[in-house]
$ cat upload.tsv   # TSV, C-alpha atoms
chain	number	residue	atom	x	y	z
W	104	MET	CA	0.00	0.00	0.00
W	105	LYS	CA	2.83	2.34	1.00
W	106	ASN	CA	4.63	1.54	-2.26
W	107	ILE	CA	1.51	2.17	-4.32
W	108	LEU	CA	0.97	5.53	-2.61
W	109	GLY	CA	4.62	6.36	-3.19
W	110	PHE	CA	4.32	5.39	-6.86
W	111	LEU	CA	1.21	7.55	-7.27
W	112	LEU	CA	2.98	10.45	-5.62
W	113	PHE	CA	5.95	9.84	-7.92
W	114	LEU	CA	3.66	9.94	-10.97
W	115	SER	CA	2.14	13.18	-9.84
W	116	LEU	CA	5.50	14.82	-9.15
W	117	ALA	CA	7.85	13.31	-11.68
W	118	SER	CA	6.51	15.31	-14.54
W	119	PRO	CA	6.78	18.78	-13.03
W	120	LEU	CA	10.22	17.99	-11.58
W	121	ALA	CA	11.53	16.76	-14.90
W	122	ALA	CA	13.00	19.05	-17.52
W	123	ARG	CA	12.98	22.14	-15.32
W	124	CYS	CA	14.77	22.30	-11.99
W	125	ARG	CA	12.53	23.36	-9.13
W	126	THR	CA	12.43	23.42	-5.37
W	127	ALA	CA	10.86	20.45	-3.63
W	128	SER	CA	10.15	19.31	-0.11
W	129	GLU	CA	11.84	16.24	1.36
W	130	ALA	CA	8.68	14.19	0.76
W	131	GLU	CA	8.52	15.32	-2.86
W	132	PHE	CA	12.18	14.47	-3.27
W	133	LYS	CA	11.66	10.97	-1.85
W	134	ALA	CA	8.76	10.40	-4.18
W	135	ALA	CA	10.76	11.62	-7.16
W	136	ALA	CA	13.66	9.39	-6.19
W	137	LEU	CA	11.59	6.20	-6.37
W	138	GLY	CA	13.01	3.93	-9.04
W	139	LYS	CA	16.25	5.90	-9.25
W	140	THR	CA	19.57	4.45	-8.21
W	141	ARG	CA	21.56	7.53	-7.19
W	142	VAL	CA	21.39	11.13	-6.09
W	143	VAL	CA	23.90	13.41	-7.80
W	144	PHE	CA	24.67	16.65	-5.98
W	145	PHE	CA	26.15	19.26	-8.31
W	146	ALA	CA	26.68	23.00	-8.67
W	147	SER	CA	27.25	25.21	-11.67
W	148	TRP	CA	30.66	26.26	-10.33
W	149	CYS	CA	31.82	22.68	-9.66
W	150	LYS	CA	34.02	21.77	-12.59
W	151	SER	CA	34.54	18.14	-11.54
W	152	CYS	CA	30.74	17.63	-11.38
W	153	GLU	CA	30.78	17.39	-15.19
W	154	ALA	CA	31.81	13.73	-14.93
W	155	HIS	CA	28.43	12.90	-13.36
W	156	LEU	CA	26.32	15.10	-15.61
W	157	THR	CA	26.19	12.80	-18.62
W	158	PRO	CA	23.20	11.53	-20.64
W	159	ASP	CA	23.95	8.01	-19.31
W	160	TYR	CA	23.32	9.21	-15.79
W	161	ALA	CA	20.05	11.00	-16.61
W	162	LYS	CA	17.68	8.04	-16.45
W	163	ASP	CA	18.86	6.61	-13.12
W	164	SER	CA	19.69	9.77	-11.21
W	165	VAL	CA	18.04	12.52	-9.25
W	166	PHE	CA	20.09	15.68	-9.73
W	167	VAL	CA	20.21	18.01	-6.76
W	168	THR	CA	21.77	21.42	-6.50
W	169	SER	CA	21.98	23.12	-3.13
W	170	TYR	CA	23.85	26.24	-4.18
W	171	ASP	CA	22.34	27.30	-7.51
W	172	ASN	CA	19.15	28.91	-8.61
W	173	ALA	CA	16.82	26.97	-10.91
W	174	GLU	CA	17.67	28.90	-14.08
W	175	ILE	CA	21.40	28.21	-13.88
W	176	ALA	CA	20.82	24.57	-12.89
W	177	ASP	CA	18.52	24.19	-15.92
W	178	GLU	CA	21.12	25.59	-18.25
W	179	VAL	CA	23.80	23.29	-16.84
W	180	LEU	CA	21.64	20.19	-17.29
W	181	LYS	CA	20.64	21.24	-20.80
W	182	LYS	CA	24.30	21.67	-21.73
W	183	PHE	CA	25.58	18.40	-20.29
W	184	LEU	CA	22.60	16.03	-20.52
W	185	ALA	CA	21.62	17.22	-24.01
W	186	ALA	CA	18.35	15.62	-25.12
W	187	GLU	CA	18.13	13.63	-21.88
W	188	ALA	CA	17.74	16.87	-19.91
W	189	ASP	CA	14.02	16.88	-20.71
W	190	HIS	CA	13.57	13.59	-18.84
W	191	ALA	CA	15.94	14.28	-15.99
W	192	ILE	CA	14.70	14.97	-12.49
W	193	CYS	CA	16.29	18.00	-10.95
W	194	ILE	CA	15.70	19.49	-7.53
W	195	VAL	CA	16.87	22.81	-6.16
W	196	ASP	CA	17.62	22.21	-2.50
W	197	ARG	CA	17.10	25.83	-1.53
W	198	ASP	CA	17.09	25.31	2.24
W	199	GLU	CA	19.96	22.79	2.03
W	200	ARG	CA	17.82	20.18	3.76
W	201	LEU	CA	18.87	17.42	1.37
W	202	ALA	CA	22.50	18.47	1.70
W	203	MET	CA	22.17	17.97	5.45
W	204	LEU	CA	20.20	14.74	5.08
W	205	TYR	CA	22.91	13.20	2.89
W	206	LYS	CA	25.75	14.84	4.86
W	207	LEU	CA	27.07	16.61	1.78
W	208	LYS	CA	30.80	17.18	2.31
W	209	PHE	CA	32.15	17.98	-1.13
W	210	LEU	CA	31.14	18.23	-4.76
W	211	PRO	CA	30.50	16.25	-6.86
W	212	TYR	CA	28.72	14.02	-4.36
W	213	VAL	CA	27.02	10.86	-5.59
W	214	VAL	CA	24.87	8.84	-3.18
W	215	PRO	CA	23.48	5.42	-4.12
W	216	ILE	CA	19.81	5.03	-3.12
R	209	MET	CA	41.79	55.35	29.97
R	210	LEU	CA	41.52	58.29	27.54
R	211	LYS	CA	44.92	57.36	26.15
R	212	PHE	CA	43.74	53.79	25.65
R	213	VAL	CA	40.54	54.94	23.90
R	214	LYS	CA	42.52	57.32	21.70
R	215	ARG	CA	45.07	54.65	20.84
R	216	TYR	CA	42.55	51.99	19.98
R	217	SER	CA	39.78	54.22	18.57
R	218	CYS	CA	40.54	53.19	14.97
R	219	THR	CA	40.44	49.51	15.93
R	220	PHE	CA	37.14	50.12	17.67
R	221	VAL	CA	35.69	51.88	14.59
R	222	LEU	CA	36.88	48.98	12.38
R	223	ALA	CA	35.40	46.42	14.75
R	224	MET	CA	32.06	48.24	14.95
R	225	THR	CA	31.94	48.64	11.15
R	226	SER	CA	32.53	44.91	10.81
R	227	VAL	CA	29.79	44.10	13.30
R	228	LEU	CA	27.37	46.31	11.34
R	229	LEU	CA	28.37	44.72	8.04
R	230	LEU	CA	28.13	41.25	9.54
R	231	SER	CA	24.61	41.84	10.79
R	232	VAL	CA	23.18	42.07	7.26
R	233	SER	CA	24.03	38.61	6.01
R	234	SER	CA	22.19	36.76	3.28
R	235	LYS	CA	22.29	33.34	1.66
R	236	ALA	CA	25.41	32.40	-0.26
R	237	TYR	CA	25.38	31.89	-3.98
R	238	PRO	CA	28.25	31.09	-6.25
R	239	CYS	CA	30.77	32.06	-7.04
R	240	SER	CA	32.39	34.21	-4.45
R	241	SER	CA	35.91	33.03	-4.43
R	242	CYS	CA	38.34	30.33	-5.12
R	243	GLY	CA	40.98	33.03	-4.89
R	244	SER	CA	44.63	33.12	-5.68
R	245	GLY	CA	45.38	32.96	-1.99
R	246	ALA	CA	48.28	35.34	-1.57
R	247	ALA	CA	46.23	38.32	-0.40
R	248	ASP	CA	43.53	37.86	2.27
R	249	PRO	CA	44.17	34.77	4.38
R	250	VAL	CA	40.51	33.78	4.50
R	251	ILE	CA	38.24	33.39	1.49
R	252	LEU	CA	34.58	32.47	1.45
R	253	ASN	CA	33.71	29.78	-1.08
R	254	PRO	CA	30.35	29.92	-2.87
R	255	MET	CA	28.50	27.79	-0.35
R	256	GLU	CA	29.86	29.52	2.74
R	257	ASN	CA	28.29	32.37	4.71
R	258	GLN	CA	30.62	32.64	7.68
R	259	LYS	CA	34.02	31.25	8.42
R	260	PHE	CA	36.41	31.31	11.34
R	261	TYR	CA	40.10	31.10	10.55
R	262	LEU	CA	43.12	30.41	12.73
R	263	ASP	CA	46.70	29.95	11.64
R	264	ILE	CA	50.09	29.40	13.16
R	265	ALA	CA	53.10	30.56	11.17
R	266	GLN	CA	56.80	30.27	11.69
R	267	GLN	CA	59.20	32.54	9.87
R	268	SER	CA	62.91	31.80	9.85
R	269	ASN	CA	66.13	32.11	7.82
R	270	PHE	CA	66.03	35.91	7.89
R	271	LYS	CA	68.57	37.69	5.74
R	272	ASP	CA	68.69	41.35	4.79
R	273	VAL	CA	68.74	42.31	1.14
R	274	ASP	CA	70.29	45.75	0.77
R	275	SER	CA	69.71	48.50	-1.80
R	276	GLU	CA	72.26	46.89	-4.13
R	277	GLY	CA	70.51	43.53	-3.94
R	278	ASP	CA	73.28	41.99	-1.83
R	279	VAL	CA	72.22	39.51	0.84
R	280	ARG	CA	73.57	40.31	4.32
R	281	ARG	CA	73.21	39.06	7.85
R	282	ASP	CA	69.95	40.14	9.40
R	283	LEU	CA	70.01	42.14	12.62
R	284	GLY	CA	66.40	41.49	13.57
R	285	PRO	CA	64.76	38.44	15.17
R	286	GLU	CA	66.07	35.03	14.11
R	287	LYS	CA	62.67	33.44	14.40
R	288	LYS	CA	59.11	34.78	14.38
R	289	MET	CA	56.04	32.84	15.44
R	290	GLN	CA	52.64	34.27	14.60
R	291	MET	CA	49.08	33.27	15.36
R	292	GLN	CA	46.50	34.96	13.16
R	293	MET	CA	42.78	34.88	13.69
R	294	ALA	CA	40.18	35.96	11.18
R	295	PHE	CA	36.45	35.99	10.76
R	296	ALA	CA	34.84	36.17	7.34
R	297	GLN	CA	31.21	37.02	6.74
R	298	ARG	CA	29.11	37.11	3.60
R	299	ILE	CA	27.36	40.45	3.32
R	300	THR	CA	25.46	39.96	0.07
R	301	GLU	CA	25.47	37.26	-2.60
R	302	ARG	CA	28.49	38.89	-4.22
R	303	LEU	CA	30.24	40.59	-1.32
R	304	PHE	CA	32.04	39.27	1.72
R	305	GLY	CA	34.32	40.78	4.31
R	306	SER	CA	36.92	39.54	6.75
R	307	LEU	CA	38.60	40.92	9.83
R	308	VAL	CA	42.12	39.68	10.55
R	309	SER	CA	44.36	40.14	13.58
R	310	GLY	CA	46.76	38.16	15.66
R	311	VAL	CA	49.66	37.90	18.04
R	312	GLY	CA	53.33	37.29	17.43
R	313	ARG	CA	56.49	36.26	19.22
R	314	ASN	CA	59.94	37.34	18.08
R	315	ALA	CA	63.04	35.53	19.25
R	316	ARG	CA	66.76	35.93	18.91
R	317	GLY	CA	68.91	33.54	20.90
R	318	SER	CA	67.41	33.27	24.36
R	319	ARG	CA	65.70	36.67	24.19
R	320	GLN	CA	62.11	37.00	23.05
R	321	ALA	CA	59.17	39.39	23.01
R	322	THR	CA	55.43	39.01	22.41
R	323	GLY	CA	53.04	41.53	20.85
R	324	ILE	CA	49.89	42.19	18.84
R	325	LEU	CA	50.02	42.16	15.03
R	326	ASP	CA	48.47	44.77	12.76
R	327	THR	CA	44.73	44.41	12.14
R	328	SER	CA	43.13	44.40	8.71
R	329	LEU	CA	39.61	44.65	7.35
R	330	ASN	CA	39.13	43.15	3.88
R	331	LEU	CA	36.27	43.24	1.42
R	332	ARG	CA	35.88	41.23	-1.80
R	333	TYR	CA	33.17	41.87	-4.36
R	334	ASN	CA	32.39	39.41	-7.16
R	335	LEU	CA	32.12	41.33	-10.41
R	336	MET	CA	31.81	38.18	-12.49
R	337	ASN	CA	30.93	34.65	-11.43
R	338	GLN	CA	32.30	31.54	-13.03
R	339	THR	CA	30.20	28.58	-14.08
R	340	MET	CA	30.88	25.47	-16.09
R	341	LEU	CA	28.56	26.85	-18.76
R	342	ASN	CA	31.50	28.87	-19.98
R	343	PRO	CA	34.77	27.70	-18.43
R	344	TYR	CA	36.79	30.32	-20.30
R	345	LEU	CA	35.12	33.18	-18.45
R	346	PRO	CA	37.03	33.93	-15.25
R	347	GLN	CA	35.74	34.84	-11.88
R	348	VAL	CA	36.59	38.49	-11.34
R	349	GLN	CA	36.74	40.03	-7.90
R	350	VAL	CA	37.42	43.54	-6.71
R	351	MET	CA	39.38	43.72	-3.46
R	352	LEU	CA	39.47	46.51	-0.94
R	353	SER	CA	41.24	46.35	2.38
R	354	HIS	CA	42.67	48.48	5.12
R	355	ARG	CA	45.51	47.44	7.38
R	356	LEU	CA	45.51	49.39	10.58
R	357	LYS	CA	48.70	50.21	12.43
R	358	THR	CA	48.10	48.70	15.84
R	359	THR	CA	51.58	47.93	17.00
R	360	ARG	CA	55.20	49.12	17.12
R	361	SER	CA	57.35	49.02	14.01
R	362	VAL	CA	61.09	48.71	13.34
R	363	GLN	CA	61.33	52.51	13.37
R	364	ASP	CA	59.99	52.68	16.93
R	365	ALA	CA	61.46	49.50	18.35
R	366	ARG	CA	62.80	49.90	21.87
R	367	LYS	CA	64.35	46.49	22.30
R	368	GLU	CA	67.63	45.39	20.79
R	369	ASN	CA	67.33	43.59	17.42
R	370	TYR	CA	63.81	45.02	16.97
R	371	LEU	CA	62.40	42.23	19.11
R	372	ASP	CA	59.37	44.34	20.07
R	373	SER	CA	58.49	45.22	16.47
R	374	PHE	CA	55.38	43.41	15.23
R	375	GLY	CA	53.94	45.69	12.57
R	376	THR	CA	54.73	47.96	9.69
R	377	GLY	CA	54.37	51.16	11.73
R	378	TYR	CA	51.87	52.78	9.38
R	379	SER	CA	48.34	52.15	8.22
R	380	GLU	CA	47.76	51.27	4.60
R	381	SER	CA	44.73	50.93	2.33
R	382	PHE	CA	44.77	48.46	-0.57
R	383	TYR	CA	42.65	48.10	-3.66
R	384	GLY	CA	42.91	45.60	-6.46
R	385	VAL	CA	41.38	43.13	-8.83
R	386	ASP	CA	41.61	39.34	-8.96
R	387	ALA	CA	40.85	37.14	-11.95
R	388	TRP	CA	40.62	33.37	-11.55
R	389	PHE	CA	40.04	30.72	-14.19
R	390	GLY	CA	38.83	27.97	-11.89
R	391	MET	CA	36.79	25.94	-14.36
R	392	LEU	CA	39.66	24.60	-16.42
R	393	PRO	CA	41.56	21.36	-15.70
R	394	VAL	CA	44.53	23.47	-14.64
R	395	MET	CA	43.29	26.48	-12.72
R	396	PHE	CA	45.14	29.75	-12.91
R	397	GLY	CA	44.74	33.40	-12.19
R	398	GLY	CA	46.32	36.63	-11.27
R	399	SER	CA	45.72	39.72	-9.25
R	400	ILE	CA	47.04	43.23	-8.97
R	401	LEU	CA	46.93	45.14	-5.70
R	402	ARG	CA	47.92	48.76	-5.16
R	403	SER	CA	48.12	50.64	-1.92
R	404	ALA	CA	47.71	54.07	-0.45
R	405	PRO	CA	49.90	54.26	2.68
R	406	TRP	CA	49.11	56.63	5.52
R	407	ALA	CA	51.82	58.82	7.04
R	408	ALA	CA	52.98	57.93	10.55
R	409	ASP	CA	54.98	59.76	13.22
R	410	THR	CA	58.11	57.87	14.19
R	411	LYS	CA	61.18	58.57	16.35
R	412	SER	CA	62.98	59.84	13.24
R	413	GLY	CA	60.15	62.09	12.05
R	414	ARG	CA	57.03	61.92	9.89
R	415	LEU	CA	57.31	58.87	7.68
R	416	LEU	CA	55.34	58.39	4.48
R	417	PRO	CA	56.12	55.09	2.73
R	418	GLY	CA	55.69	54.95	-1.02
R	419	PRO	CA	52.66	53.13	-2.41
R	420	VAL	CA	53.08	49.43	-3.03
R	421	GLN	CA	52.09	47.40	-6.07
R	422	LYS	CA	51.70	43.64	-5.76
R	423	GLU	CA	51.28	41.31	-8.69
R	424	ILE	CA	50.31	37.75	-7.90
R	425	VAL	CA	50.15	34.87	-10.37
R	426	SER	CA	48.84	31.48	-9.28
R	427	ILE	CA	48.31	28.07	-10.77
R	428	GLY	CA	46.62	25.07	-9.23
R	429	PHE	CA	44.62	21.91	-9.68
R	430	MET	CA	42.40	19.60	-7.70
R	431	VAL	CA	44.35	16.52	-6.61
R	432	THR	CA	41.06	14.92	-5.52
R	433	PRO	CA	37.61	16.55	-5.18
R	434	GLU	CA	38.62	17.38	-1.60
R	435	VAL	CA	42.20	18.58	-2.01
R	436	LYS	CA	43.53	21.53	-3.97
R	437	ILE	CA	47.19	22.22	-4.65
R	438	MET	CA	48.32	25.69	-5.65
R	439	GLY	CA	51.51	27.58	-6.24
R	440	GLY	CA	52.50	30.98	-7.42
R	441	ALA	CA	54.74	33.97	-7.46
R	442	VAL	CA	54.36	37.43	-5.99
R	443	ARG	CA	56.15	40.58	-7.10
R	444	GLU	CA	55.98	43.46	-4.65
R	445	ARG	CA	57.37	46.90	-5.46
R	446	ARG	CA	57.22	49.83	-3.07
R	447	ALA	CA	58.06	53.37	-4.13
R	448	THR	CA	60.50	55.65	-2.32
R	449	ILE	CA	59.94	56.57	1.35
R	450	ARG	CA	59.46	60.21	2.34
R	451	LEU	CA	60.73	61.33	5.74
R	452	ASN	CA	59.62	64.78	6.94
R	453	GLY	CA	58.61	65.59	3.38
R	454	SER	CA	61.96	64.69	1.79
R	455	GLU	CA	62.52	61.65	-0.34
R	456	LEU	CA	64.94	59.08	1.07
R	457	ARG	CA	67.16	58.19	-1.85
R	458	ASN	CA	67.44	54.57	-2.83
R	459	SER	CA	64.71	53.53	-0.36
R	460	ASP	CA	62.40	51.85	-2.86
R	461	ARG	CA	61.80	48.14	-2.32
R	462	THR	CA	61.39	45.14	-4.58
R	463	SER	CA	60.68	41.57	-3.60
R	464	HIS	CA	59.99	38.48	-5.67
R	465	ASP	CA	58.38	35.74	-3.61
R	466	LEU	CA	57.25	32.15	-4.21
R	467	TYR	CA	54.54	30.18	-2.46
R	468	GLY	CA	52.99	26.73	-2.53
R	469	THR	CA	49.90	25.60	-0.73
R	470	LEU	CA	47.88	22.44	-0.13
R	471	GLU	CA	44.29	22.97	0.95
R	472	THR	CA	41.32	20.74	1.67
R	473	SER	CA	37.97	21.90	0.31
R	474	LEU	CA	35.22	20.06	2.14
R	475	LEU	CA	31.78	21.60	2.41
R	476	GLY	CA	30.46	23.01	5.64
R	477	VAL	CA	33.11	21.46	7.89
R	478	ASP	CA	36.67	22.03	9.01
R	479	ASN	CA	39.30	22.64	6.36
R	480	TYR	CA	43.07	22.82	6.57
R	481	ARG	CA	45.76	24.61	4.62
R	482	VAL	CA	49.53	24.27	4.64
R	483	THR	CA	51.51	27.06	2.98
R	484	LEU	CA	55.22	27.23	2.40
R	485	SER	CA	56.56	30.49	1.08
R	486	LYS	CA	59.88	32.12	0.49
R	487	ARG	CA	60.24	35.87	0.41
R	488	ALA	CA	62.87	37.38	-1.90
R	489	ALA	CA	63.15	33.96	-3.51
R	490	PHE	CA	64.16	34.82	-7.06
R	491	ALA	CA	65.21	37.57	-9.47
R	492	THR	CA	66.60	40.88	-8.20
R	493	ASN	CA	65.39	42.04	-4.82
R	494	LYS	CA	66.06	45.32	-3.06
R	495	ASN	CA	65.68	46.67	0.48
R	496	THR	CA	63.78	43.64	1.66
R	497	THR	CA	64.20	40.62	3.90
R	498	GLU	CA	64.74	37.09	2.69
R	499	LEU	CA	62.81	34.62	4.81
R	500	VAL	CA	61.08	31.25	4.76
R	501	SER	CA	57.58	30.93	6.18
R	502	LEU	CA	55.54	27.85	7.03
R	503	THR	CA	51.87	28.38	7.86
R	504	LEU	CA	49.34	25.84	9.12
R	505	ALA	CA	45.77	27.08	8.96
R	506	TRP	CA	42.49	25.73	10.25
R	507	MET	CA	39.19	27.02	8.93
R	508	ARG	CA	35.71	26.30	10.21
R	509	THR	CA	32.64	27.14	8.18
R	510	LEU	CA	29.89	28.28	10.51
$ encode --input "upload.tsv" --output "structure tokens"
Amino acid sequence: MKNILGFLLFLSLASPLAARCRTASEAEFKAAALGKTRVVFFASWCKSCEAHLTPDYAKDSVFVTSYDNAEIADEVLKKFLAAEADHAICIVDRDERLAMLYKLKFLPYVVPI
Amino acid sequence: MLKFVKRYSCTFVLAMTSVLLLSVSSKAYPCSSCGSGAADPVILNPMENQKFYLDIAQQSNFKDVDSEGDVRRDLGPEKKMQMQMAFAQRITERLFGSLVSGVGRNARGSRQATGILDTSLNLRYNLMNQTMLNPYLPQVQVMLSHRLKTTRSVQDARKENYLDSFGTGYSESFYGVDAWFGMLPVMFGGSILRSAPWAADTKSGRLLPGPVQKEIVSIGFMVTPEVKIMGGAVRERRATIRLNGSELRNSDRTSHDLYGTLETSLLGVDNYRVTLSKRAAFATNKNTTELVSLTLAWMRTL
């Protein structure tokens, strides 16, 4: 039952979170992360994050930026994920709650989920 | 009491200004600084709002370089230990400031003296941010700082071998620009700093040092995502000194320094930096002091 509810929540949230980066609550993030295998923390000023912003990563990852605004994060994903950017899930962690939850220590930071 | 207030009034004004600036903080956004490191000791990275900084430095191997560029035996302290403290605060998304001060101990043989170091207030404003959208665009920062004379200088030293001298003996304001290409596999950058020194009364008369120009070039790369290695060179040229309105001939200074630094760059936790530098390390130097400095720094993001 819990999984079904989670899946329904994922369906309702996955679409708006995809393509354009936006802020999301922890619950929304968890719903969006269902079915994904990793969380990729990145920032527009983090050069070495490029290695994890590839089209191959797009399908299985939730991209999170804690230090960028949505517009810049969008541009970064469009540049590096190319066509896959439209399907990627991207969250702007404005209050750095996810950064704290995953004990973000450096960038790039990839967490298996 | 009045004497104390008069003596430390400038420090008080600086401290109060800092407190006022610090009280209007806002959220950090990139990219404030990755810096070339040879100017302000403490830099706020994009994700940092406040940082406390503490370092311990040892300076040794002092040798005088005279006006002809010849290296001679130094008559000052043989060893200097310094502990610097700093607090950096983000003021707006693009602007941050830091207040730096410390204490020092000079030693020669068995004799030693302890004193307060000069205090400085530094501001850095991000004119241009860097992003990986265009790695060839540098981060450009404007720097403004004021170093306040808070302690005795060589000119006013009372103890033999200038053991009680811990500062420059005059206040000095600095302004400059810093460009940093931090998005390329090998990071590099440069900065130019100029100064406007303030006249000071000394035992010998009214002293007005010439303005200084510092040019810093740095290169670095990330060894791992957590560790950055950097190195660079600094050229410092100071114009002729004026004493009681007259120019002191042949008193201009030139120094070519080298530095290397290893720094951790973890987010939101403690970071460490080791810096080894050599003053008057290469090329022709004049009216300066050759020395080797080793600094261990600890930084805590608040």
$ closest_residue --input "upload.tsv" --among "R:Asp372, R:Glu444, R:Asn342, R:Leu401" --to "Lys182 in chain W" --atoms "all atoms listed in the file"
R:Asn342
$ closest_residue --input "upload.tsv" --among "W:Lys181, W:Arg125, W:Lys150, W:Arg197" --to "chain R" --atoms "only C-alpha atoms"
W:Lys150
$ closest_residue --input "upload.tsv" --among "W:Val142, W:Ala136, W:Val214, W:Val195" --to "Asp171 in chain W" --atoms "all atoms listed in the file"
W:Val195
$ closest_atom_pairs --input "upload.tsv" --of "chain W" --to "chain R" --cutoff "6 Å" --atoms "all atoms listed in the file" --output "tab-separated table"
residue	atom	partner	partner_atom	distance
W:Ser147	CA	R:Thr339	CA	5.1
W:Trp148	CA	R:Thr339	CA	4.4
W:Lys150	CA	R:Met391	CA	5.3
W:Tyr170	CA	R:Tyr237	CA	5.9
W:Lys208	CA	R:Leu475	CA	4.5
W:Phe209	CA	R:Leu474	CA	4.9
$ atom_distance --input "upload.tsv" --atom1 "CA of Phe183 in chain W" --atom2 "CA of Thr157 in chain W"
5.9 Å
$ residues_near_point --input "upload.tsv" --point "(14.2, 18.7, -19.9)" --cutoff "10 Å" --atoms "only C-alpha atoms" --output "list in words"
Ser118, Leu120, Ala121, Ala122, Arg123, Cys124, Asp177, Glu178, Leu180, Lys181, Leu184, Ala185, Ala186, Glu187, Ala188, Asp189, His190, Ala191, Ile192 and Cys193 of chain W
$ closest_residue --input "upload.tsv" --among "W:Ala146, W:Ile194, W:Ile216, W:Ala130" --to "Ile175 in chain W" --atoms "only C-alpha atoms"
W:Ala146
$ residues_around --input "upload.tsv" --residues "range 448-460 of chain R" --least-positions-apart "2" --cutoff "9 Å" --atoms "all atoms listed in the file" --output "short mmCIF file (atom, residue, chain, number, x, y, z; two decimals) with C-alpha atoms, in the coordinates of the input"
data_model
loop_
_atom_site.label_atom_id
_atom_site.label_comp_id
_atom_site.auth_asym_id
_atom_site.auth_seq_id
_atom_site.Cartn_x
_atom_site.Cartn_y
_atom_site.Cartn_z
CA SER R 275 69.71 48.50 -1.80
CA SER R 412 62.98 59.84 13.24
CA GLY R 413 60.15 62.09 12.05
CA ARG R 414 57.03 61.92 9.89
CA LEU R 415 57.31 58.87 7.68
CA LEU R 416 55.34 58.39 4.48
CA PRO R 417 56.12 55.09 2.73
CA GLY R 418 55.69 54.95 -1.02
CA PRO R 419 52.66 53.13 -2.41
CA ARG R 445 57.37 46.90 -5.46
CA ARG R 446 57.22 49.83 -3.07
CA THR R 462 61.39 45.14 -4.58
CA LYS R 494 66.06 45.32 -3.06
CA ASN R 495 65.68 46.67 0.48
#
